[in-house]
>>> print(open('final-v8.cif').read())   # mmCIF, C-alpha atoms and all ligand atoms
data_coords
#
loop_
_atom_site.group_PDB
_atom_site.id
_atom_site.type_symbol
_atom_site.label_atom_id
_atom_site.label_comp_id
_atom_site.auth_asym_id
_atom_site.auth_seq_id
_atom_site.Cartn_x
_atom_site.Cartn_y
_atom_site.Cartn_z
ATOM 1 C CA MET A 3 0.000 0.000 0.000
ATOM 2 C CA LYS A 4 1.229 3.488 -0.843
ATOM 3 C CA PRO A 5 2.250 5.643 2.124
ATOM 4 C CA ILE A 6 0.151 8.757 2.518
ATOM 5 C CA PHE A 7 0.707 12.176 4.027
ATOM 6 C CA PRO A 8 -2.408 13.888 5.409
ATOM 7 C CA SER A 9 -1.743 17.595 5.012
ATOM 8 C CA ILE A 10 -3.348 20.825 6.127
ATOM 9 C CA GLY A 11 -1.748 22.572 3.175
ATOM 10 C CA TYR A 12 1.422 23.728 1.478
ATOM 11 C CA SER A 13 3.039 27.065 0.809
ATOM 12 C CA ARG A 14 5.274 27.793 -2.203
ATOM 13 C CA LEU A 15 8.173 30.127 -2.907
ATOM 14 C CA ARG A 16 9.464 30.685 0.594
ATOM 15 C CA MET A 17 12.826 32.433 0.381
ATOM 16 C CA GLU A 18 15.469 31.462 2.977
ATOM 17 C CA VAL A 19 12.767 31.080 5.631
ATOM 18 C CA ASP A 20 13.622 27.661 6.919
ATOM 19 C CA GLY A 21 16.254 26.239 4.684
ATOM 20 C CA GLU A 22 18.572 27.402 1.969
ATOM 21 C CA GLY A 23 17.149 28.971 -1.142
ATOM 22 C CA VAL A 24 13.565 28.620 -2.244
ATOM 23 C CA THR A 25 11.482 26.101 -0.335
ATOM 24 C CA THR A 26 7.951 24.806 -0.354
ATOM 25 C CA LEU A 27 6.563 24.134 3.108
ATOM 26 C CA VAL A 28 4.314 21.067 3.304
ATOM 27 C CA CYS A 29 2.411 20.810 6.601
ATOM 28 C CA ALA A 30 1.457 17.447 8.054
ATOM 29 C CA GLN A 31 -1.750 16.904 9.889
ATOM 30 C CA GLY A 32 -1.424 15.129 13.222
ATOM 31 C CA CYS A 33 0.823 15.886 16.186
ATOM 32 C CA PRO A 34 1.514 13.966 19.397
ATOM 33 C CA LEU A 35 1.974 17.188 21.404
ATOM 34 C CA ARG A 36 -0.685 19.557 22.682
ATOM 35 C CA CYS A 37 1.211 22.840 22.948
ATOM 36 C CA LYS A 38 -0.770 25.517 24.722
ATOM 37 C CA TYR A 39 -0.006 28.084 22.012
ATOM 38 C CA CYS A 40 -0.053 25.753 19.018
ATOM 39 C CA ILE A 41 0.980 27.564 15.847
ATOM 40 C CA ASN A 42 -1.148 25.251 13.694
ATOM 41 C CA PRO A 43 -4.089 24.070 15.811
ATOM 42 C CA GLU A 44 -5.797 22.763 12.704
ATOM 43 C CA SER A 45 -2.931 20.269 12.398
ATOM 44 C CA SER A 46 -4.304 18.334 15.363
ATOM 45 C CA ARG A 47 -6.289 15.318 14.278
ATOM 46 C CA ASP A 48 -8.954 16.104 16.878
ATOM 47 C CA ARG A 49 -9.611 19.530 15.472
ATOM 48 C CA GLY A 50 -10.108 19.141 11.766
ATOM 49 C CA ARG A 51 -9.757 17.232 8.553
ATOM 50 C CA PRO A 52 -6.759 17.331 6.238
ATOM 51 C CA ARG A 53 -7.141 19.448 3.110
ATOM 52 C CA TYR A 54 -5.038 16.990 1.140
ATOM 53 C CA ILE A 55 -4.183 13.313 1.359
ATOM 54 C CA PHE A 56 -0.948 13.168 -0.594
ATOM 55 C CA THR A 57 0.699 10.102 -2.019
ATOM 56 C CA PRO A 58 4.391 10.611 -2.820
ATOM 57 C CA GLU A 59 3.470 10.981 -6.486
ATOM 58 C CA SER A 60 0.620 13.444 -5.944
ATOM 59 C CA LEU A 61 2.787 15.657 -3.748
ATOM 60 C CA TYR A 62 5.549 15.543 -6.348
ATOM 61 C CA GLU A 63 3.048 16.600 -9.018
ATOM 62 C CA ALA A 64 1.792 19.446 -6.801
ATOM 63 C CA VAL A 65 5.224 20.924 -6.041
ATOM 64 C CA LYS A 66 7.364 20.122 -9.087
ATOM 65 C CA ILE A 67 6.433 23.436 -10.723
ATOM 66 C CA ASP A 68 9.192 24.990 -8.570
ATOM 67 C CA SER A 69 11.856 22.410 -9.371
ATOM 68 C CA LEU A 70 14.010 24.885 -11.294
ATOM 69 C CA TYR A 71 13.975 27.301 -8.356
ATOM 70 C CA PHE A 72 14.940 24.503 -5.967
ATOM 71 C CA LEU A 73 17.814 23.391 -8.175
ATOM 72 C CA ALA A 74 19.077 26.919 -8.856
ATOM 73 C CA THR A 75 19.018 28.034 -5.208
ATOM 74 C CA GLY A 76 19.785 24.828 -3.306
ATOM 75 C CA GLY A 77 16.245 24.754 -1.962
ATOM 76 C CA GLY A 78 13.609 22.093 -1.818
ATOM 77 C CA ILE A 79 10.857 20.828 0.435
ATOM 78 C CA MET A 80 10.390 21.651 4.113
ATOM 79 C CA PHE A 81 8.181 19.101 5.836
ATOM 80 C CA GLY A 82 6.524 20.811 8.785
ATOM 81 C CA GLY A 83 3.527 20.329 10.930
ATOM 82 C CA GLY A 84 1.867 19.093 12.795
ATOM 83 C CA GLU A 85 4.560 16.445 13.068
ATOM 84 C CA PRO A 86 5.961 15.221 9.745
ATOM 85 C CA LEU A 87 7.997 12.402 11.295
ATOM 86 C CA LEU A 88 4.732 10.598 11.966
ATOM 87 C CA TYR A 89 5.056 9.717 8.268
ATOM 88 C CA PRO A 90 8.599 8.397 7.688
ATOM 89 C CA ASP A 91 7.476 5.894 5.011
ATOM 90 C CA PHE A 92 6.049 8.741 2.997
ATOM 91 C CA ILE A 93 9.166 10.905 3.282
ATOM 92 C CA GLU A 94 11.359 7.993 2.210
ATOM 93 C CA GLU A 95 9.241 7.325 -0.869
ATOM 94 C CA PHE A 96 8.993 11.017 -1.744
ATOM 95 C CA ALA A 97 12.779 11.416 -1.524
ATOM 96 C CA LYS A 98 13.190 8.765 -4.239
ATOM 97 C CA LEU A 99 11.094 10.877 -6.629
ATOM 98 C CA ALA A 100 13.143 14.039 -6.107
ATOM 99 C CA PRO A 101 16.738 12.995 -5.442
ATOM 100 C CA ASP A 102 18.154 16.387 -6.472
ATOM 101 C CA TRP A 103 16.037 18.541 -4.161
ATOM 102 C CA LYS A 104 17.060 19.344 -0.604
ATOM 103 C CA LEU A 105 14.742 18.007 2.063
ATOM 104 C CA TYR A 106 14.248 19.844 5.343
ATOM 105 C CA CYS A 107 12.186 18.809 8.325
ATOM 106 C CA GLU A 108 10.772 20.773 11.216
ATOM 107 C CA THR A 109 10.048 18.378 14.058
ATOM 108 C CA SER A 110 9.541 18.246 17.812
ATOM 109 C CA LEU A 111 11.231 14.789 17.753
ATOM 110 C CA TRP A 112 8.381 13.514 19.937
ATOM 111 C CA VAL A 113 8.223 10.445 17.703
ATOM 112 C CA SER A 114 9.627 6.912 17.667
ATOM 113 C CA PRO A 115 13.413 6.464 17.570
ATOM 114 C CA ARG A 116 12.896 4.378 14.427
ATOM 115 C CA ALA A 117 11.324 7.357 12.656
ATOM 116 C CA VAL A 118 14.338 9.463 13.638
ATOM 117 C CA GLU A 119 16.756 6.828 12.313
ATOM 118 C CA ARG A 120 14.951 6.664 8.991
ATOM 119 C CA ALA A 121 14.688 10.429 8.574
ATOM 120 C CA ALA A 122 18.392 10.794 9.397
ATOM 121 C CA GLN A 123 19.199 8.938 6.189
ATOM 122 C CA ILE A 124 17.281 11.258 3.875
ATOM 123 C CA VAL A 125 16.675 14.697 5.418
ATOM 124 C CA ASP A 126 19.383 17.279 4.727
ATOM 125 C CA HIS A 127 18.683 19.583 7.653
ATOM 126 C CA PHE A 128 16.506 19.355 10.746
ATOM 127 C CA ALA A 129 14.871 22.263 12.568
ATOM 128 C CA VAL A 130 14.234 20.734 15.971
ATOM 129 C CA ASP A 131 11.502 22.511 17.886
ATOM 130 C CA ILE A 132 12.707 21.417 21.326
ATOM 131 C CA LYS A 133 10.782 24.237 23.056
ATOM 132 C CA GLU A 134 12.261 23.827 26.582
ATOM 133 C CA THR A 135 14.400 21.272 28.414
ATOM 134 C CA ASP A 136 13.054 21.745 31.929
ATOM 135 C CA PRO A 137 10.868 18.612 32.346
ATOM 136 C CA GLU A 138 8.149 20.345 34.358
ATOM 137 C CA ILE A 139 7.858 23.278 31.971
ATOM 138 C CA TYR A 140 7.913 20.965 28.964
ATOM 139 C CA ARG A 141 5.132 18.843 30.355
ATOM 140 C CA SER A 142 2.991 21.767 31.428
ATOM 141 C CA TYR A 143 3.380 23.402 28.000
ATOM 142 C CA THR A 144 3.115 20.344 25.698
ATOM 143 C CA GLY A 145 1.180 17.854 27.848
ATOM 144 C CA ARG A 146 3.965 15.274 27.324
ATOM 145 C CA PRO A 147 7.205 14.278 29.080
ATOM 146 C CA PHE A 148 10.471 15.766 27.789
ATOM 147 C CA ASP A 149 12.427 12.494 27.875
ATOM 148 C CA ARG A 150 11.385 11.258 24.467
ATOM 149 C CA ALA A 151 12.303 14.512 22.685
ATOM 150 C CA GLY A 152 15.610 14.716 24.568
ATOM 151 C CA GLU A 153 16.596 11.117 23.860
ATOM 152 C CA ASN A 154 15.729 11.485 20.199
ATOM 153 C CA LEU A 155 17.760 14.679 19.916
ATOM 154 C CA ARG A 156 20.806 12.872 21.273
ATOM 155 C CA LEU A 157 20.113 10.018 18.861
ATOM 156 C CA LEU A 158 19.844 12.430 15.932
ATOM 157 C CA LEU A 159 23.087 14.165 16.925
ATOM 158 C CA SER A 160 24.845 10.802 16.942
ATOM 159 C CA LEU A 161 23.457 9.960 13.497
ATOM 160 C CA VAL A 162 23.847 13.203 11.515
ATOM 161 C CA GLY A 163 26.148 15.461 13.565
ATOM 162 C CA ALA A 164 25.549 18.996 14.792
ATOM 163 C CA ASP A 165 25.886 20.761 11.425
ATOM 164 C CA ARG A 166 22.625 19.294 10.144
ATOM 165 C CA ILE A 167 20.554 20.357 13.154
ATOM 166 C CA THR A 168 19.214 23.749 14.251
ATOM 167 C CA VAL A 169 17.481 23.727 17.624
ATOM 168 C CA ARG A 170 14.671 26.185 18.212
ATOM 169 C CA LEU A 171 14.491 27.712 21.667
ATOM 170 C CA PRO A 172 11.433 29.911 22.100
ATOM 171 C CA LEU A 173 10.665 32.252 24.942
ATOM 172 C CA ILE A 174 7.150 31.138 25.857
ATOM 173 C CA PRO A 175 5.168 33.734 27.795
ATOM 174 C CA GLY A 176 3.818 32.361 31.048
ATOM 175 C CA TYR A 177 5.925 29.171 30.811
ATOM 176 C CA ASN A 178 9.639 29.918 30.644
ATOM 177 C CA THR A 179 12.016 32.842 31.064
ATOM 178 C CA ASP A 180 15.314 33.926 29.534
ATOM 179 C CA ALA A 181 17.080 32.221 32.435
ATOM 180 C CA HIS A 182 15.365 28.919 31.587
ATOM 181 C CA ARG A 183 16.302 29.378 27.963
ATOM 182 C CA ASP A 184 19.941 29.997 28.882
ATOM 183 C CA ARG A 185 19.901 26.809 30.945
ATOM 184 C CA SER A 186 18.406 24.883 28.013
ATOM 185 C CA GLU A 187 21.049 26.221 25.650
ATOM 186 C CA ALA A 188 23.865 25.338 28.070
ATOM 187 C CA LEU A 189 22.545 21.781 28.463
ATOM 188 C CA LEU A 190 22.109 21.317 24.722
ATOM 189 C CA ARG A 191 25.626 22.626 24.061
ATOM 190 C CA GLU A 192 26.874 19.932 26.439
ATOM 191 C CA TRP A 193 25.052 17.395 24.284
ATOM 192 C CA GLY A 194 26.799 18.766 21.177
ATOM 193 C CA VAL A 195 24.243 21.149 19.650
ATOM 194 C CA THR A 196 25.932 24.155 18.026
ATOM 195 C CA ARG A 197 23.161 25.849 16.029
ATOM 196 C CA PHE A 198 20.335 27.623 17.826
ATOM 197 C CA ASP A 199 17.384 29.699 16.780
ATOM 198 C CA ARG A 200 16.240 31.781 19.767
ATOM 199 C CA PHE A 201 13.018 33.672 19.299
ATOM 200 C CA ASN A 202 9.996 34.912 21.231
ATOM 201 C CA TYR A 203 6.458 33.688 20.870
ATOM 202 C CA VAL A 204 4.002 36.493 20.273
ATOM 203 C CA ILE A 205 0.734 35.287 21.737
ATOM 204 C CA LYS A 206 -2.522 36.447 20.225
ATOM 205 C CA GLU A 207 -5.191 37.221 22.806
ATOM 206 C CA LYS A 208 -7.486 34.420 21.581
ATOM 207 C CA ASN A 209 -4.769 31.803 22.262
ATOM 208 C CA ARG A 210 -4.372 32.730 25.913
HETATM 209 S S1 LIG B 301 4.478 20.647 18.125
HETATM 210 FE FE1 LIG B 301 3.743 22.254 16.744
HETATM 211 S S2 LIG B 301 1.912 21.416 15.743
HETATM 212 FE FE2 LIG B 301 2.357 20.125 17.535
HETATM 213 S S3 LIG B 301 1.065 20.965 19.163
HETATM 214 FE FE3 LIG B 301 3.104 21.931 19.316
HETATM 215 S S4 LIG B 301 2.979 23.834 18.119
HETATM 216 FE FE4 LIG B 301 1.211 22.527 17.544
#
>>> encode(input="final-v8.cif", output="structure tokens", more="lines below")
Ligand code: SF4
Amino acid sequence: MKPIFPSIGYSRLRMEVDGEGVTTLVCAQGCPLRCKYCINPESSRDRGRPRYIFTPESLYEAVKIDSLYFLATGGGIMFGGGEPLLYPDFIEEFAKLAPDWKLYCETSLWVSPRAVERAAQIVDHFAVDIKETDPEIYRSYTGRPFDRAGENLRLLLSLVGADRITVRLPLIPGYNTDAHRDRSEALLREWGVTRFDRFNYVIKEKNR
């Protein structure tokens, strides 16, 4: 049976937003976390239906119009979410159709170690949305324990090395502080992470 990728949508012609060159962001539906300020609440399976059910071939058909841009700029496809590593079979099959495009993946790593191992073989760069390393803050913000994300980050570092990973460290109003973020960065540097993206969540009133 063909692997599928339920998607809430895709966005073309993104310039140096989350990868080199021109990228198309393809958003998965489904996420194991329940972040309090979810950026894509419609990605949760409980809250809506996917707009698309892609097969590897149908996604390739949908995005190939930008192939020349990808090849000329070193860009490609950014799988985002929801959680794209819920669909490692799909990403593997898609990669075979587009061997010359770069593949990027934005992930919380709150997935199975097997999915991480498989993605490590095909994804060129990972944006790891680790959020926070303090276990209590992580659980109160995401509804899940930190251990799985932390263990998978160490696994990914061992498989692909630090140059292919950027770790996102947000300041989350009401949950962590700059001091927490500094502690997270120090811990992750001990683990071998060298690339960080520190930014602040801007919370809309309706999400509070
Ligand atoms: S990991 Fe992303 S998609 Fe999943 S709940 Fe958190 S913000 Fe939403």
>>> axis_aligned_box(input="final-v8.cif", around="segment 162-165 of chain A", padding_each_side="3 Å", output="JSON")
{"center_x": 25.0, "center_y": 17.0, "center_z": 13.1, "size_x": 8.3, "size_y": 13.6, "size_z": 9.4}
>>> residues_near_ligand(input="final-v8.cif", ligand="ligand LIG 301 (chain B)", cutoff="8 Å", atoms="all atoms listed in the file", output="JSON list (two decimals) with C-alpha atoms, in the coordinates of the input")
[["chain", "number", "residue", "atom", "x", "y", "z"],
["A", 32, "GLY", "CA", -1.42, 15.13, 13.22],
["A", 33, "CYS", "CA", 0.82, 15.89, 16.19],
["A", 34, "PRO", "CA", 1.51, 13.97, 19.40],
["A", 35, "LEU", "CA", 1.97, 17.19, 21.40],
["A", 36, "ARG", "CA", -0.68, 19.56, 22.68],
["A", 37, "CYS", "CA", 1.21, 22.84, 22.95],
["A", 38, "LYS", "CA", -0.77, 25.52, 24.72],
["A", 39, "TYR", "CA", -0.01, 28.08, 22.01],
["A", 40, "CYS", "CA", -0.05, 25.75, 19.02],
["A", 41, "ILE", "CA", 0.98, 27.56, 15.85],
["A", 42, "ASN", "CA", -1.15, 25.25, 13.69],
["A", 43, "PRO", "CA", -4.09, 24.07, 15.81],
["A", 45, "SER", "CA", -2.93, 20.27, 12.40],
["A", 46, "SER", "CA", -4.30, 18.33, 15.36],
["A", 83, "GLY", "CA", 3.53, 20.33, 10.93],
["A", 84, "GLY", "CA", 1.87, 19.09, 12.80],
["A", 85, "GLU", "CA", 4.56, 16.44, 13.07],
["A", 109, "THR", "CA", 10.05, 18.38, 14.06],
["A", 110, "SER", "CA", 9.54, 18.25, 17.81],
["A", 131, "ASP", "CA", 11.50, 22.51, 17.89],
["A", 144, "THR", "CA", 3.12, 20.34, 25.70]]
>>> closest_residue(input="final-v8.cif", among="A:Gly23, A:Pro5, A:Gly176, A:Pro52", to="Leu105 of chain A", atoms="only C-alpha atoms")
A:Gly23
>>> residues_around(input="final-v8.cif", residues="segment 133-143 of chain A", least_positions_apart="2", cutoff="6 Å", atoms="only C-alpha atoms", output="list in words")
Cys37, Lys38, Asp131, Gly145, Arg146, Pro147, Phe148, Leu171, Pro172 and Ser186 of chain A
>>> write_last_selection(input="final-v8.cif", atoms="C-alpha atoms", output="short mmCIF file (atom, residue, chain, number, x, y, z; two decimals), keeping the file's coordinate frame")
data_model
loop_
_atom_site.label_atom_id
_atom_site.label_comp_id
_atom_site.auth_asym_id
_atom_site.auth_seq_id
_atom_site.Cartn_x
_atom_site.Cartn_y
_atom_site.Cartn_z
CA CYS A 37 1.21 22.84 22.95
CA LYS A 38 -0.77 25.52 24.72
CA ASP A 131 11.50 22.51 17.89
CA GLY A 145 1.18 17.85 27.85
CA ARG A 146 3.96 15.27 27.32
CA PRO A 147 7.20 14.28 29.08
CA PHE A 148 10.47 15.77 27.79
CA LEU A 171 14.49 27.71 21.67
CA PRO A 172 11.43 29.91 22.10
CA SER A 186 18.41 24.88 28.01
#
>>> atom_distance(input="final-v8.cif", atom1="atom CA of Pro115 of chain A", atom2="atom CA of Leu158 of chain A")
8.9 Å
>>> residues_near_point(input="final-v8.cif", point="(10.8, 5.3, 11.0)", cutoff="8 Å", atoms="only C-alpha atoms", output="list in words")
Leu87, Tyr89, Pro90, Asp91, Ser114, Pro115, Arg116, Ala117, Val118, Glu119, Arg120 and Ala121 of chain A
>>> atom_distance(input="final-v8.cif", atom1="atom CA of Phe72 of chain A", atom2="atom CA of Glu44 of chain A")
28.0 Å
>>> residues_near_point(input="final-v8.cif", point="(14.6, 18.4, 13.5)", cutoff="8 Å", atoms="all atoms listed in the file", output="CSV table (one decimal) with C-alpha atoms, in the coordinates of the input")
chain,number,residue,atom,x,y,z
A,107,CYS,CA,12.2,18.8,8.3
A,108,GLU,CA,10.8,20.8,11.2
A,109,THR,CA,10.0,18.4,14.1
A,110,SER,CA,9.5,18.2,17.8
A,111,LEU,CA,11.2,14.8,17.8
A,127,HIS,CA,18.7,19.6,7.7
A,128,PHE,CA,16.5,19.4,10.7
A,129,ALA,CA,14.9,22.3,12.6
A,130,VAL,CA,14.2,20.7,16.0
A,131,ASP,CA,11.5,22.5,17.9
A,167,ILE,CA,20.6,20.4,13.2
A,168,THR,CA,19.2,23.7,14.3
A,169,VAL,CA,17.5,23.7,17.6
>>> residues_around(input="final-v8.cif", residues="Asp68 of chain A", least_positions_apart="4", cutoff="9 Å", atoms="all atoms listed in the file", output="list of chain:residue names")
A:Arg14, A:Leu15, A:Val24, A:Thr25, A:Thr26, A:Phe72, A:Leu73, A:Gly78
>>> atom_distance(input="final-v8.cif", atom1="atom CA of Cys29 of chain A", atom2="atom CA of Ile79 of chain A")
10.5 Å
>>> decode(input="final-v8.cif", residues="segment 49-91 of chain A", atoms="C-alpha atoms", output="tab-separated table (two decimals), in the first residue's frame")
chain	number	residue	atom	x	y	z
A	49	ARG	CA	-9.61	19.53	15.47
A	50	GLY	CA	-10.11	19.14	11.77
A	51	ARG	CA	-9.76	17.23	8.55
A	52	PRO	CA	-6.76	17.33	6.24
A	53	ARG	CA	-7.14	19.45	3.11
A	54	TYR	CA	-5.04	16.99	1.14
A	55	ILE	CA	-4.18	13.31	1.36
A	56	PHE	CA	-0.95	13.17	-0.59
A	57	THR	CA	0.70	10.10	-2.02
A	58	PRO	CA	4.39	10.61	-2.82
A	59	GLU	CA	3.47	10.98	-6.49
A	60	SER	CA	0.62	13.44	-5.94
A	61	LEU	CA	2.79	15.66	-3.75
A	62	TYR	CA	5.55	15.54	-6.35
A	63	GLU	CA	3.05	16.60	-9.02
A	64	ALA	CA	1.79	19.45	-6.80
A	65	VAL	CA	5.22	20.92	-6.04
A	66	LYS	CA	7.36	20.12	-9.09
A	67	ILE	CA	6.43	23.44	-10.72
A	68	ASP	CA	9.19	24.99	-8.57
A	69	SER	CA	11.86	22.41	-9.37
A	70	LEU	CA	14.01	24.88	-11.29
A	71	TYR	CA	13.98	27.30	-8.36
A	72	PHE	CA	14.94	24.50	-5.97
A	73	LEU	CA	17.81	23.39	-8.17
A	74	ALA	CA	19.08	26.92	-8.86
A	75	THR	CA	19.02	28.03	-5.21
A	76	GLY	CA	19.78	24.83	-3.31
A	77	GLY	CA	16.25	24.75	-1.96
A	78	GLY	CA	13.61	22.09	-1.82
A	79	ILE	CA	10.86	20.83	0.44
A	80	MET	CA	10.39	21.65	4.11
A	81	PHE	CA	8.18	19.10	5.84
A	82	GLY	CA	6.52	20.81	8.78
A	83	GLY	CA	3.53	20.33	10.93
A	84	GLY	CA	1.87	19.09	12.80
A	85	GLU	CA	4.56	16.44	13.07
A	86	PRO	CA	5.96	15.22	9.75
A	87	LEU	CA	8.00	12.40	11.29
A	88	LEU	CA	4.73	10.60	11.97
A	89	TYR	CA	5.06	9.72	8.27
A	90	PRO	CA	8.60	8.40	7.69
A	91	ASP	CA	7.48	5.89	5.01
